[in-house]
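Novice: Here you go, model20.cif (mmCIF, C-alpha atoms and all ligand atoms):
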data_final
loop_
_atom_site.label_atom_id
_atom_site.label_comp_id
_atom_site.auth_asym_id
_atom_site.auth_seq_id
_atom_site.Cartn_x
_atom_site.Cartn_y
_atom_site.Cartn_z
CA MET A 4 169.13 152.64 95.37
CA LYS A 5 171.07 155.78 96.28
CA ASN A 6 170.17 157.59 99.50
CA TYR A 7 168.13 160.75 98.85
CA ASP A 8 167.58 163.48 101.43
CA ASN A 9 164.01 163.98 100.22
CA VAL A 10 162.94 160.31 100.45
CA THR A 11 161.44 158.64 103.54
CA ILE A 12 160.77 154.92 103.54
CA PHE A 13 158.54 153.74 106.39
CA ASP A 14 159.53 150.60 108.19
CA HIS A 15 156.90 150.72 110.90
CA PRO A 16 155.75 147.19 111.77
CA LEU A 17 152.05 148.17 111.72
CA ILE A 18 152.39 149.45 108.16
CA GLN A 19 154.44 146.42 107.06
CA HIS A 20 151.80 144.10 108.54
CA LYS A 21 149.04 145.77 106.54
CA ILE A 22 151.13 145.71 103.36
CA ALA A 23 151.57 141.93 103.71
CA ILE A 24 147.77 141.54 103.57
CA LEU A 25 147.47 144.12 100.78
CA ARG A 26 149.90 142.22 98.55
CA ASN A 27 148.10 138.89 98.97
CA GLU A 28 146.27 138.00 95.75
CA ARG A 29 143.42 136.49 97.83
CA THR A 30 142.64 139.76 99.66
CA SER A 31 139.13 140.92 98.70
CA THR A 32 138.35 144.27 97.07
CA LYS A 33 136.62 145.43 100.26
CA GLU A 34 139.56 144.56 102.49
CA PHE A 35 142.03 146.00 99.93
CA ARG A 36 140.17 149.33 99.95
CA GLU A 37 140.09 149.43 103.76
CA LEU A 38 143.80 148.64 104.03
CA VAL A 39 144.75 151.35 101.53
CA GLU A 40 142.83 153.87 103.64
CA GLU A 41 144.35 152.68 106.91
CA ILE A 42 147.93 152.70 105.58
CA THR A 43 147.35 156.18 104.16
CA THR A 44 146.21 157.48 107.57
CA LEU A 45 149.35 156.07 109.21
CA MET A 46 151.57 157.61 106.52
CA THR A 47 149.81 160.98 106.75
CA TYR A 48 150.44 161.15 110.49
CA GLU A 49 154.18 161.07 109.79
CA ALA A 50 154.30 163.00 106.50
CA LEU A 51 152.45 165.97 108.04
CA ARG A 52 154.28 166.20 111.34
CA ASP A 53 155.25 169.81 110.41
CA VAL A 54 151.79 170.89 109.22
CA PRO A 55 151.14 174.60 109.95
CA THR A 56 149.49 175.27 113.31
CA VAL A 57 148.05 178.27 115.14
CA GLU A 58 147.96 178.99 118.87
CA VAL A 59 144.44 179.15 120.23
CA GLU A 60 143.12 179.90 123.69
CA VAL A 61 141.12 177.08 125.29
CA LYS A 62 139.15 177.24 128.53
CA THR A 63 139.40 173.91 130.31
CA PRO A 64 137.18 173.23 133.36
CA LEU A 65 140.17 174.43 135.46
CA GLU A 66 141.83 177.32 133.60
CA VAL A 67 142.57 178.99 130.30
CA CYS A 68 145.56 177.70 128.30
CA GLU A 69 147.28 178.19 124.97
CA GLN A 70 147.08 175.18 122.66
CA LYS A 71 148.20 174.50 119.08
CA MET A 72 145.62 173.61 116.44
CA VAL A 73 146.12 172.74 112.79
CA LEU A 74 145.59 175.79 110.60
CA ASP A 75 142.26 175.30 108.84
CA ASN A 76 142.39 175.01 105.04
CA SER A 77 146.16 174.54 105.00
CA VAL A 78 146.21 171.12 103.32
CA ALA A 79 145.07 169.95 99.88
CA VAL A 80 145.05 166.39 98.60
CA VAL A 81 145.58 165.56 94.95
CA PRO A 82 144.94 161.93 94.04
CA ILE A 83 146.28 160.70 90.72
CA LEU A 84 143.29 158.95 89.11
CA ARG A 85 142.24 156.30 89.42
CA ALA A 86 144.12 154.50 92.15
CA GLY A 87 145.01 157.63 94.15
CA LEU A 88 141.31 158.03 94.93
CA GLY A 89 141.59 155.07 97.28
CA MET A 90 143.89 157.10 99.54
CA VAL A 91 141.76 160.24 99.94
CA ASN A 92 139.52 159.00 102.79
CA GLY A 93 142.62 157.97 104.72
CA ILE A 94 143.74 161.62 104.72
CA HIS A 95 140.26 162.99 105.44
CA THR A 96 140.22 160.87 108.61
CA LEU A 97 142.90 163.23 109.97
CA PHE A 98 142.15 166.38 107.92
CA PRO A 99 138.41 166.45 107.25
CA SER A 100 138.63 169.94 105.75
CA ALA A 101 141.36 169.14 103.19
CA ARG A 102 140.31 170.30 99.74
CA VAL A 103 140.67 167.75 96.94
CA GLY A 104 142.07 168.29 93.44
CA HIS A 105 142.09 165.58 90.79
CA ILE A 106 144.73 164.76 88.20
CA GLY A 107 143.76 162.12 85.64
CA LEU A 108 146.64 160.17 84.11
CA TYR A 109 146.90 156.72 82.60
CA ARG A 110 149.96 154.90 81.35
CA ASP A 111 150.11 154.27 77.62
CA GLU A 112 150.51 150.49 77.36
CA GLU A 113 153.03 150.77 74.51
CA THR A 114 155.26 153.63 75.62
CA LEU A 115 154.52 153.28 79.38
CA GLU A 116 154.50 157.09 79.49
CA PRO A 117 151.63 158.88 81.27
CA LYS A 118 148.80 160.45 79.25
CA SER A 119 146.92 163.28 80.86
CA TYR A 120 143.10 163.36 80.59
CA TYR A 121 141.90 165.52 83.49
CA CYS A 122 143.06 168.23 85.86
CA LYS A 123 140.88 170.15 88.31
CA LEU A 124 142.55 171.85 91.25
CA PRO A 125 140.99 173.75 94.17
CA CYS A 126 141.22 177.58 94.23
CA GLY A 127 144.16 178.82 96.27
CA ILE A 128 146.05 175.52 96.07
CA GLU A 129 149.29 177.43 95.50
CA ASN A 130 149.27 178.50 99.17
CA LYS A 131 148.56 175.06 100.61
CA LEU A 132 150.63 172.09 101.62
CA VAL A 133 149.78 169.68 98.78
CA LEU A 134 149.79 165.92 99.27
CA VAL A 135 149.92 164.07 95.94
CA VAL A 136 148.76 160.50 96.45
CA ASP A 137 149.07 157.37 94.33
CA PRO A 138 149.50 153.90 95.84
CA MET A 139 152.02 152.84 93.16
CA LEU A 140 155.23 154.64 92.20
CA ALA A 141 156.54 152.49 89.33
CA THR A 142 158.53 154.30 86.59
CA GLY A 143 157.72 157.61 88.28
CA GLY A 144 156.32 159.05 85.05
CA SER A 145 152.83 159.69 86.44
CA ALA A 146 154.11 161.26 89.66
CA CYS A 147 156.56 163.54 87.78
CA ASP A 148 153.78 164.66 85.41
CA ALA A 149 151.41 165.39 88.31
CA ILE A 150 154.10 167.33 90.19
CA ASP A 151 154.93 169.33 87.03
CA SER A 152 151.24 170.32 86.72
CA LEU A 153 151.12 171.39 90.38
CA LYS A 154 154.30 173.46 90.02
CA LYS A 155 152.81 175.13 86.92
CA ALA A 156 149.79 175.98 89.10
CA GLY A 157 152.16 177.73 91.55
CA CYS A 158 152.35 175.08 94.31
CA LYS A 159 155.48 175.34 96.41
CA ASP A 160 155.06 172.78 99.22
CA ILE A 161 154.39 169.48 97.44
CA ARG A 162 154.72 166.04 99.06
CA LEU A 163 154.22 162.69 97.37
CA MET A 164 152.84 159.68 99.24
CA SER A 165 152.90 156.22 97.64
CA ILE A 166 152.37 152.92 99.38
CA ILE A 167 154.74 150.87 97.21
CA GLY A 168 157.71 152.35 95.35
CA ALA A 169 160.09 150.81 92.84
CA PRO A 170 163.71 152.04 93.03
CA GLU A 171 163.43 153.31 89.43
CA GLY A 172 160.42 155.52 90.19
CA VAL A 173 161.61 156.77 93.55
CA SER A 174 164.97 157.81 92.03
CA ARG A 175 163.31 159.51 89.06
CA VAL A 176 161.04 161.67 91.21
CA ALA A 177 163.76 162.35 93.80
CA GLU A 178 166.18 163.56 91.11
CA ASN A 179 163.70 165.53 88.99
CA HIS A 180 162.06 167.15 92.01
CA PRO A 181 164.60 167.46 94.85
CA ASP A 182 162.30 170.01 96.55
CA VAL A 183 159.45 167.48 96.86
CA LYS A 184 159.37 165.22 99.91
CA ILE A 185 158.63 161.63 98.94
CA TYR A 186 157.11 159.12 101.35
CA VAL A 187 156.82 155.43 100.49
CA SER A 188 155.71 152.68 102.84
CA THR A 189 157.91 150.08 101.26
CA LEU A 190 160.58 149.95 98.59
CA ASP A 191 160.21 146.95 96.29
CA ARG A 192 162.82 145.13 94.20
CA CYS A 193 162.37 146.30 90.59
CA LEU A 194 160.00 146.68 87.64
CA ASN A 195 159.08 143.87 85.22
CA ASP A 196 159.05 144.27 81.40
CA ASN A 197 155.58 145.88 81.57
CA ALA A 198 156.73 148.30 84.27
CA TYR A 199 154.78 146.53 87.00
CA ILE A 200 156.37 146.59 90.43
CA LEU A 201 157.88 143.30 91.71
CA PRO A 202 156.81 141.80 94.04
CA GLY A 203 154.19 144.62 94.18
CA LEU A 204 150.50 143.92 94.49
CA GLY A 205 149.35 143.87 90.85
CA ASP A 206 147.22 146.64 89.37
CA ALA A 207 146.18 148.91 92.26
CA GLY A 208 143.28 150.51 90.34
CA ASP A 209 141.80 147.14 89.38
CA ARG A 210 142.14 145.79 92.90
CA LEU A 211 140.60 148.90 94.47
CA PHE A 212 137.65 149.11 92.11
CA GLY A 213 137.19 145.43 91.21
CA THR A 214 137.56 146.08 87.48
CA LYS A 215 139.30 142.76 86.69
C1 LIG A 301 148.98 153.20 87.82
C2 LIG A 301 149.20 153.76 89.21
C3 LIG A 301 149.98 155.00 88.93
C4 LIG A 301 150.81 154.62 87.74
C5 LIG A 301 152.20 154.33 88.22
O1 LIG A 301 147.94 153.85 87.19
O2 LIG A 301 148.03 154.00 89.93
O3 LIG A 301 149.18 156.13 88.61
O4 LIG A 301 150.23 153.42 87.20
O5 LIG A 301 153.02 154.06 87.17
P1 LIG A 301 154.24 154.98 86.75
O6 LIG A 301 154.97 155.31 87.98
O7 LIG A 301 155.01 154.07 85.83
O8 LIG A 301 153.71 156.17 86.02
P2 LIG A 301 147.40 153.40 85.74
O9 LIG A 301 148.14 154.11 84.65
O10 LIG A 301 147.39 151.89 85.66
O11 LIG A 301 145.94 153.99 85.71
P3 LIG A 301 144.68 153.63 86.63
O12 LIG A 301 145.00 154.10 88.03
O13 LIG A 301 143.59 154.40 86.01
O14 LIG A 301 144.45 152.15 86.60
N1 LIG A 302 150.56 150.49 88.43
C1 LIG A 302 150.03 149.52 89.23
O1 LIG A 302 148.83 149.57 89.55
N2 LIG A 302 150.83 148.54 89.63
C2 LIG A 302 152.12 148.46 89.29
O2 LIG A 302 152.81 147.51 89.71
C3 LIG A 302 152.65 149.47 88.47
C4 LIG A 302 151.85 150.48 88.06
#
Written as structure tokens, how would this file's structure read?
Specialist:
Amino acid sequence: MKNYDNVTIFDHPLIQHKIAILRNERTSTKEFRELVEEITTLMTYEALRDVPTVEVEVKTPLEVCEQKMVLDNSVAVVPILRAGLGMVNGIHTLFPSARVGHIGLYRDEETLEPKSYYCKLPCGIENKLVLVVDPMLATGGSACDAIDSLKKAGCKDIRLMSIIGAPEGVSRVAENHPDVKIYVSTLDRCLNDNAYILPGLGDAGDRLFGTK
């Protein structure tokens, strides 16, 4: 894959360790859900290193000092349903006040293109740093659709976080949305004929919710 200025691929050993367990077909639904949350928290720490802050005055037992705090209400999370839901708690661990919007998309099994079935975004989202989350970035169709909807809603600072990316999907989003920062924990080899990521982890929604 080409190098893109707006793409970050994590190679942190703690994240890679958790992804090894996540991929394993024998990992239980409970452990899968916990790992998705933990990996998301680690990714968020890095993806939001420039989150807006304000200076506040704090009185310690010894003196008064200036200290930075994260600006309240500055972050919104938008999971792409269903599988993106599994990442929301991982962000709330760090940003308990983050508002949550939902974008419902599923891939048509014939065309592999995303079909939209739901969109509900928090008021004022256009002024927030918006984290779009979906564990799997395969063809990139779902992510591009979600980002298009957010741009139509006026959002200007949009970041995409996916745990596993395929080169095809990462390139598609990076080229269609050069202003969007893309974070993936690992870049896999390719897509199969059904647009599943190889080696991947299978169907993220089914593994998170135990539907198969
Ligand atoms: C999966 C996944 C992404 C999408 C990625 O969802 O969670 O949303 O596929 O594929 P793409 O990059 O080719 O668009 P799916 O359509 O299976 O729906 P689900 O989460 O409801 O199972
Ligand atoms: N969606 C998934 O859940 N897994 C893939 O490999 C591709 C799309």
Novice: At most 6 Å is the cut-off: for each residue in chain A with any atom that close to an atom of ligand LIG 301 (chain A), write down the nearest atom pair and the distance in Å rounded to one decimal, counting only C-alpha atoms and all ligand atoms, chain first then increasing number, as JSON lines.
Specialist:
{"residue": "A:Ile83", "atom": "CA", "partner": "A:LIG301", "partner_atom": "O3", "distance": 5.8}
{"residue": "A:Leu84", "atom": "CA", "partner": "A:LIG301", "partner_atom": "O12", "distance": 5.3}
{"residue": "A:Arg85", "atom": "CA", "partner": "A:LIG301", "partner_atom": "O12", "distance": 3.8}
{"residue": "A:Ala86", "atom": "CA", "partner": "A:LIG301", "partner_atom": "O12", "distance": 4.2}
{"residue": "A:Tyr109", "atom": "CA", "partner": "A:LIG301", "partner_atom": "O9", "distance": 3.5}
{"residue": "A:Arg110", "atom": "CA", "partner": "A:LIG301", "partner_atom": "O9", "distance": 3.9}
{"residue": "A:Pro117", "atom": "CA", "partner": "A:LIG301", "partner_atom": "O8", "distance": 5.9}
{"residue": "A:Asp137", "atom": "CA", "partner": "A:LIG301", "partner_atom": "O2", "distance": 5.6}
{"residue": "A:Met139", "atom": "CA", "partner": "A:LIG301", "partner_atom": "C2", "distance": 4.9}
{"residue": "A:Leu140", "atom": "CA", "partner": "A:LIG301", "partner_atom": "O6", "distance": 4.3}
{"residue": "A:Ala141", "atom": "CA", "partner": "A:LIG301", "partner_atom": "O6", "distance": 3.5}
{"residue": "A:Thr142", "atom": "CA", "partner": "A:LIG301", "partner_atom": "O7", "distance": 3.6}
{"residue": "A:Gly143", "atom": "CA", "partner": "A:LIG301", "partner_atom": "O6", "distance": 3.6}
{"residue": "A:Gly144", "atom": "CA", "partner": "A:LIG301", "partner_atom": "O8", "distance": 4.0}
{"residue": "A:Ser145", "atom": "CA", "partner": "A:LIG301", "partner_atom": "O8", "distance": 3.7}
{"residue": "A:Gly172", "atom": "CA", "partner": "A:LIG301", "partner_atom": "O6", "distance": 5.9}
{"residue": "A:Ala207", "atom": "CA", "partner": "A:LIG301", "partner_atom": "O2", "distance": 5.9}
{"residue": "A:Gly208", "atom": "CA", "partner": "A:LIG301", "partner_atom": "O14", "distance": 4.2}
Novice: Quick one: residues within 8 Å of Val183 (chain A), all atoms listed in the file counted, chain neighbours fewer than 3 positions away excluded, as a compact mmCIF listing (two decimals) with C-alpha atoms, in the frame of the given file?
Specialist:
# COMPACT_ATOMS: atom_id res chain seq x y z
CA ASN A 9 164.01 163.98 100.22
CA ASP A 160 155.06 172.78 99.22
CA ILE A 161 154.39 169.48 97.44
CA ARG A 162 154.72 166.04 99.06
CA LEU A 163 154.22 162.69 97.37
CA ALA A 177 163.76 162.35 93.80
CA HIS A 180 162.06 167.15 92.01
Novice: In Å, with one decimal, what is the gap from CA of Val133 (chain A) to CA of Ala79 (chain A)?
Specialist: 4.8 Å
Novice: Report as a PyMOL selection string all protein, DNA and RNA residues lying within 10 Å of Glu28 (chain A), evaluated on only C-alpha atoms, omitting residues in the same chain fewer than 2 positions from it.
Specialist: chain A and resi 24-26+30-31+35+204-205+210
Novice: Please list as number ranges by chain every residue within 12 Å of Lys159 (chain A), counting all atoms listed in the file and excluding residues in the same chain fewer than 6 positions away.
Specialist: A: 127-134, 150-153, 180, 182-184
Novice: Suppose we keep C-alpha atoms; can you now write the selection as a PDB file, keeping the file's coordinate frame?
Specialist:
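After the write, again_24.pdb holds the following:
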ATOM      1  CA  GLY A 127     144.160 178.820  96.270  1.00  0.00           C
ATOM      2  CA  ILE A 128     146.050 175.520  96.070  1.00  0.00           C
ATOM      3  CA  GLU A 129     149.290 177.430  95.500  1.00  0.00           C
ATOM      4  CA  ASN A 130     149.270 178.500  99.170  1.00  0.00           C
ATOM      5  CA  LYS A 131     148.560 175.060 100.610  1.00  0.00           C
ATOM      6  CA  LEU A 132     150.630 172.090 101.620  1.00  0.00           C
ATOM      7  CA  VAL A 133     149.780 169.680  98.780  1.00  0.00           C
ATOM      8  CA  LEU A 134     149.790 165.920  99.270  1.00  0.00           C
ATOM      9  CA  ILE A 150     154.100 167.330  90.190  1.00  0.00           C
ATOM     10  CA  ASP A 151     154.930 169.330  87.030  1.00  0.00           C
ATOM     11  CA  SER A 152     151.240 170.320  86.720  1.00  0.00           C
ATOM     12  CA  LEU A 153     151.120 171.390  90.380  1.00  0.00           C
ATOM     13  CA  HIS A 180     162.060 167.150  92.010  1.00  0.00           C
ATOM     14  CA  ASP A 182     162.300 170.010  96.550  1.00  0.00           C
ATOM     15  CA  VAL A 183     159.450 167.480  96.860  1.00  0.00           C
ATOM     16  CA  LYS A 184     159.370 165.220  99.910  1.00  0.00           C
TER      17      LYS A 184
END
Novice: Take the point (140.1, 163.9, 99.5) as written in the file and pick out every residue within 10 Å of it, counting all atoms listed in the file; give the list as a PyMOL selection string.
Specialist: chain A and resi 79-82+87-96+98-105+134+136
Novice: Those same residues, written as a short mmCIF file (atom, residue, chain, number, x, y, z; two decimals), in the coordinates of the input with C-alpha atoms?
Specialist:
data_model
loop_
_atom_site.label_atom_id
_atom_site.label_comp_id
_atom_site.auth_asym_id
_atom_site.auth_seq_id
_atom_site.Cartn_x
_atom_site.Cartn_y
_atom_site.Cartn_z
CA ALA A 79 145.07 169.95 99.88
CA VAL A 80 145.05 166.39 98.60
CA VAL A 81 145.58 165.56 94.95
CA PRO A 82 144.94 161.93 94.04
CA GLY A 87 145.01 157.63 94.15
CA LEU A 88 141.31 158.03 94.93
CA GLY A 89 141.59 155.07 97.28
CA MET A 90 143.89 157.10 99.54
CA VAL A 91 141.76 160.24 99.94
CA ASN A 92 139.52 159.00 102.79
CA GLY A 93 142.62 157.97 104.72
CA ILE A 94 143.74 161.62 104.72
CA HIS A 95 140.26 162.99 105.44
CA THR A 96 140.22 160.87 108.61
CA PHE A 98 142.15 166.38 107.92
CA PRO A 99 138.41 166.45 107.25
CA SER A 100 138.63 169.94 105.75
CA ALA A 101 141.36 169.14 103.19
CA ARG A 102 140.31 170.30 99.74
CA VAL A 103 140.67 167.75 96.94
CA GLY A 104 142.07 168.29 93.44
CA HIS A 105 142.09 165.58 90.79
CA LEU A 134 149.79 165.92 99.27
CA VAL A 136 148.76 160.50 96.45
#
Novice: When you count all atoms listed in the file, which of these residues is closest to His20 (chain A): A:Leu38, A:Val73, A:Met4, A:Leu211?
Specialist: A:Leu38
Novice: May I ask which of the residues A:Thr56, A:Thr44, A:Asn197, A:Gln19 is the closest one to ligand LIG 302 (chain A), counting all atoms listed in the file?
Specialist: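 Looking at the shortest contact to ligand LIG 302 (chain A), the residue is A:Asn197.
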Novice: Can you measure CA of Asp75 (chain A) to CA of Pro55 (chain A) for me? One decimal in Å is fine.
Specialist: 9.0 Å
Novice: Provide the CA of Cys193 (chain A) to atom O2 of ligand LIG 302 (chain A) distance in Å, to one decimal place.
Specialist: 9.7 Å
Novice: Point out the residue among A:Gly213, A:Val176, A:Ala169, A:Asn76 with the least atom-to-atom distance to ligand LIG 302 (chain A), counting all atoms listed in the file.
Specialist: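 With all atoms listed in the file as the atom set, the closest residue is A:Ala169.
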Novice: Closest to ligand LIG 302 (chain A) among A:Leu115, A:Ala50, A:Val78, A:Ala156, using all atoms listed in the file?
Specialist: A:Leu115
Novice: Report the centre and edge lengths, in Å to one decimal, of an axis-aligned box enclosing every atom of region 82-89 of chain A listed in the file, padded by 5 Å on each side, as lines of an AutoDock Vina configuration file.
Specialist:
center_x = 143.8
center_y = 158.2
center_z = 93.2
size_x = 15.0
size_y = 17.4
size_z = 18.2
Novice: For the point (158.1, 145.2, 91.7) in file coordinates, what residues are within 9 Å, counting only C-alpha atoms? Give the answer as a PyMOL selection string?
Specialist: chain A and resi 141+167-170+190-195+198-205
Novice: For each of A:Ala146, A:Leu45, A:Ile18, A:Val57, take the minimum atom-to-atom distance to ligand LIG 302 (chain A), counting all atoms listed in the file, then give the residue where this is smallest.
Specialist: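 Comparing A:Ala146, A:Leu45, A:Ile18, A:Val57 against ligand LIG 302 (chain A), the winner is A:Ala146.
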Novice: Identify which of the residues A:Pro181, A:Pro138, A:Asp196, A:Glu66 lies closest to Thr114 (chain A), counting only C-alpha atoms when measuring atom-to-atom distances.
Specialist: A:Asp196
Novice: Can you pull out every residue within 12 Å of Cys68 (chain A), counting only C-alpha atoms, but drop anything in the same chain fewer than 6 positions away, and send it as a list in words?
Specialist: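 In the requested format, the answer is Glu58, Val59, Glu60, Val61 and Lys62 of chain A.
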Novice: Save region 31-40 of chain A from what I just supplied, as an mmCIF file, in the first residue's frame, atoms limited to all heavy atoms.
Specialist:
data_model
loop_
_atom_site.group_PDB
_atom_site.id
_atom_site.type_symbol
_atom_site.label_atom_id
_atom_site.label_comp_id
_atom_site.auth_asym_id
_atom_site.auth_seq_id
_atom_site.Cartn_x
_atom_site.Cartn_y
_atom_site.Cartn_z
ATOM 1 N N SER A 31 -13.664 -16.545 23.135
ATOM 2 C CA SER A 31 -15.107 -16.481 23.432
ATOM 3 C C SER A 31 -15.671 -15.093 23.123
ATOM 4 O O SER A 31 -14.916 -14.107 23.038
ATOM 5 C CB SER A 31 -15.346 -16.799 24.909
ATOM 6 O OG SER A 31 -14.835 -15.735 25.692
ATOM 7 N N THR A 32 -16.991 -15.031 23.029
ATOM 8 C CA THR A 32 -17.672 -13.749 22.790
ATOM 9 C C THR A 32 -17.340 -12.751 23.900
ATOM 10 O O THR A 32 -17.065 -11.583 23.636
ATOM 11 C CB THR A 32 -19.196 -13.971 22.743
ATOM 12 O OG1 THR A 32 -19.457 -14.875 21.687
ATOM 13 C CG2 THR A 32 -19.973 -12.703 22.509
ATOM 14 N N LYS A 33 -17.331 -13.228 25.128
ATOM 15 C CA LYS A 33 -17.055 -12.335 26.268
ATOM 16 C C LYS A 33 -15.645 -11.751 26.154
ATOM 17 O O LYS A 33 -15.453 -10.532 26.262
ATOM 18 C CB LYS A 33 -17.194 -13.122 27.572
ATOM 19 C CG LYS A 33 -16.794 -12.361 28.821
ATOM 20 C CD LYS A 33 -16.961 -13.235 30.059
ATOM 21 C CE LYS A 33 -16.583 -12.504 31.332
ATOM 22 N NZ LYS A 33 -15.126 -12.322 31.470
ATOM 23 N N GLU A 34 -14.673 -12.621 25.881
ATOM 24 C CA GLU A 34 -13.293 -12.147 25.812
ATOM 25 C C GLU A 34 -13.115 -11.243 24.585
ATOM 26 O O GLU A 34 -12.397 -10.242 24.625
ATOM 27 C CB GLU A 34 -12.325 -13.332 25.752
ATOM 28 C CG GLU A 34 -10.932 -12.931 26.160
ATOM 29 C CD GLU A 34 -9.912 -14.072 26.120
ATOM 30 O OE1 GLU A 34 -10.281 -15.216 25.802
ATOM 31 O OE2 GLU A 34 -8.734 -13.788 26.380
ATOM 32 N N PHE A 35 -13.792 -11.599 23.482
ATOM 33 C CA PHE A 35 -13.712 -10.791 22.252
ATOM 34 C C PHE A 35 -14.192 -9.367 22.536
ATOM 35 O O PHE A 35 -13.538 -8.381 22.182
ATOM 36 C CB PHE A 35 -14.571 -11.456 21.168
ATOM 37 C CG PHE A 35 -14.393 -10.890 19.793
ATOM 38 C CD1 PHE A 35 -13.460 -11.430 18.917
ATOM 39 C CD2 PHE A 35 -15.147 -9.807 19.363
ATOM 40 C CE1 PHE A 35 -13.281 -10.900 17.642
ATOM 41 C CE2 PHE A 35 -14.979 -9.262 18.103
ATOM 42 C CZ PHE A 35 -14.046 -9.818 17.235
ATOM 43 N N ARG A 36 -15.332 -9.274 23.227
ATOM 44 C CA ARG A 36 -15.912 -7.955 23.542
ATOM 45 C C ARG A 36 -14.950 -7.144 24.423
ATOM 46 O O ARG A 36 -14.720 -5.964 24.197
ATOM 47 C CB ARG A 36 -17.228 -8.183 24.285
ATOM 48 C CG ARG A 36 -18.288 -7.189 23.962
ATOM 49 C CD ARG A 36 -19.664 -7.573 24.433
ATOM 50 N NE ARG A 36 -19.715 -8.406 25.607
ATOM 51 C CZ ARG A 36 -20.419 -9.541 25.697
ATOM 52 N NH1 ARG A 36 -21.116 -9.962 24.661
ATOM 53 N NH2 ARG A 36 -20.437 -10.252 26.818
ATOM 54 N N GLU A 37 -14.374 -7.816 25.415
ATOM 55 C CA GLU A 37 -13.450 -7.111 26.321
ATOM 56 C C GLU A 37 -12.210 -6.622 25.572
ATOM 57 O O GLU A 37 -11.736 -5.509 25.792
ATOM 58 C CB GLU A 37 -13.037 -8.052 27.469
ATOM 59 C CG GLU A 37 -14.168 -8.313 28.439
ATOM 60 C CD GLU A 37 -13.897 -9.484 29.398
ATOM 61 O OE1 GLU A 37 -12.852 -10.173 29.244
ATOM 62 O OE2 GLU A 37 -14.743 -9.727 30.270
ATOM 63 N N LEU A 38 -11.708 -7.471 24.674
ATOM 64 C CA LEU A 38 -10.498 -7.086 23.927
ATOM 65 C C LEU A 38 -10.771 -5.904 22.998
ATOM 66 O O LEU A 38 -9.944 -5.001 22.865
ATOM 67 C CB LEU A 38 -9.997 -8.285 23.103
ATOM 68 C CG LEU A 38 -9.280 -9.361 23.917
ATOM 69 C CD1 LEU A 38 -9.228 -10.666 23.133
ATOM 70 C CD2 LEU A 38 -7.868 -8.897 24.286
ATOM 71 N N VAL A 39 -11.934 -5.917 22.348
ATOM 72 C CA VAL A 39 -12.274 -4.795 21.456
ATOM 73 C C VAL A 39 -12.289 -3.495 22.251
ATOM 74 O O VAL A 39 -11.742 -2.475 21.819
ATOM 75 C CB VAL A 39 -13.631 -5.049 20.737
ATOM 76 C CG1 VAL A 39 -14.159 -3.776 20.087
ATOM 77 C CG2 VAL A 39 -13.477 -6.155 19.692
ATOM 78 N N GLU A 40 -12.858 -3.548 23.453
ATOM 79 C CA GLU A 40 -12.891 -2.335 24.293
ATOM 80 C C GLU A 40 -11.484 -1.894 24.689
ATOM 81 O O GLU A 40 -11.139 -0.718 24.623
ATOM 82 C CB GLU A 40 -13.692 -2.611 25.575
ATOM 83 C CG GLU A 40 -15.178 -2.543 25.343
ATOM 84 C CD GLU A 40 -15.957 -2.659 26.650
ATOM 85 O OE1 GLU A 40 -15.442 -2.253 27.717
ATOM 86 O OE2 GLU A 40 -17.076 -3.166 26.576
#
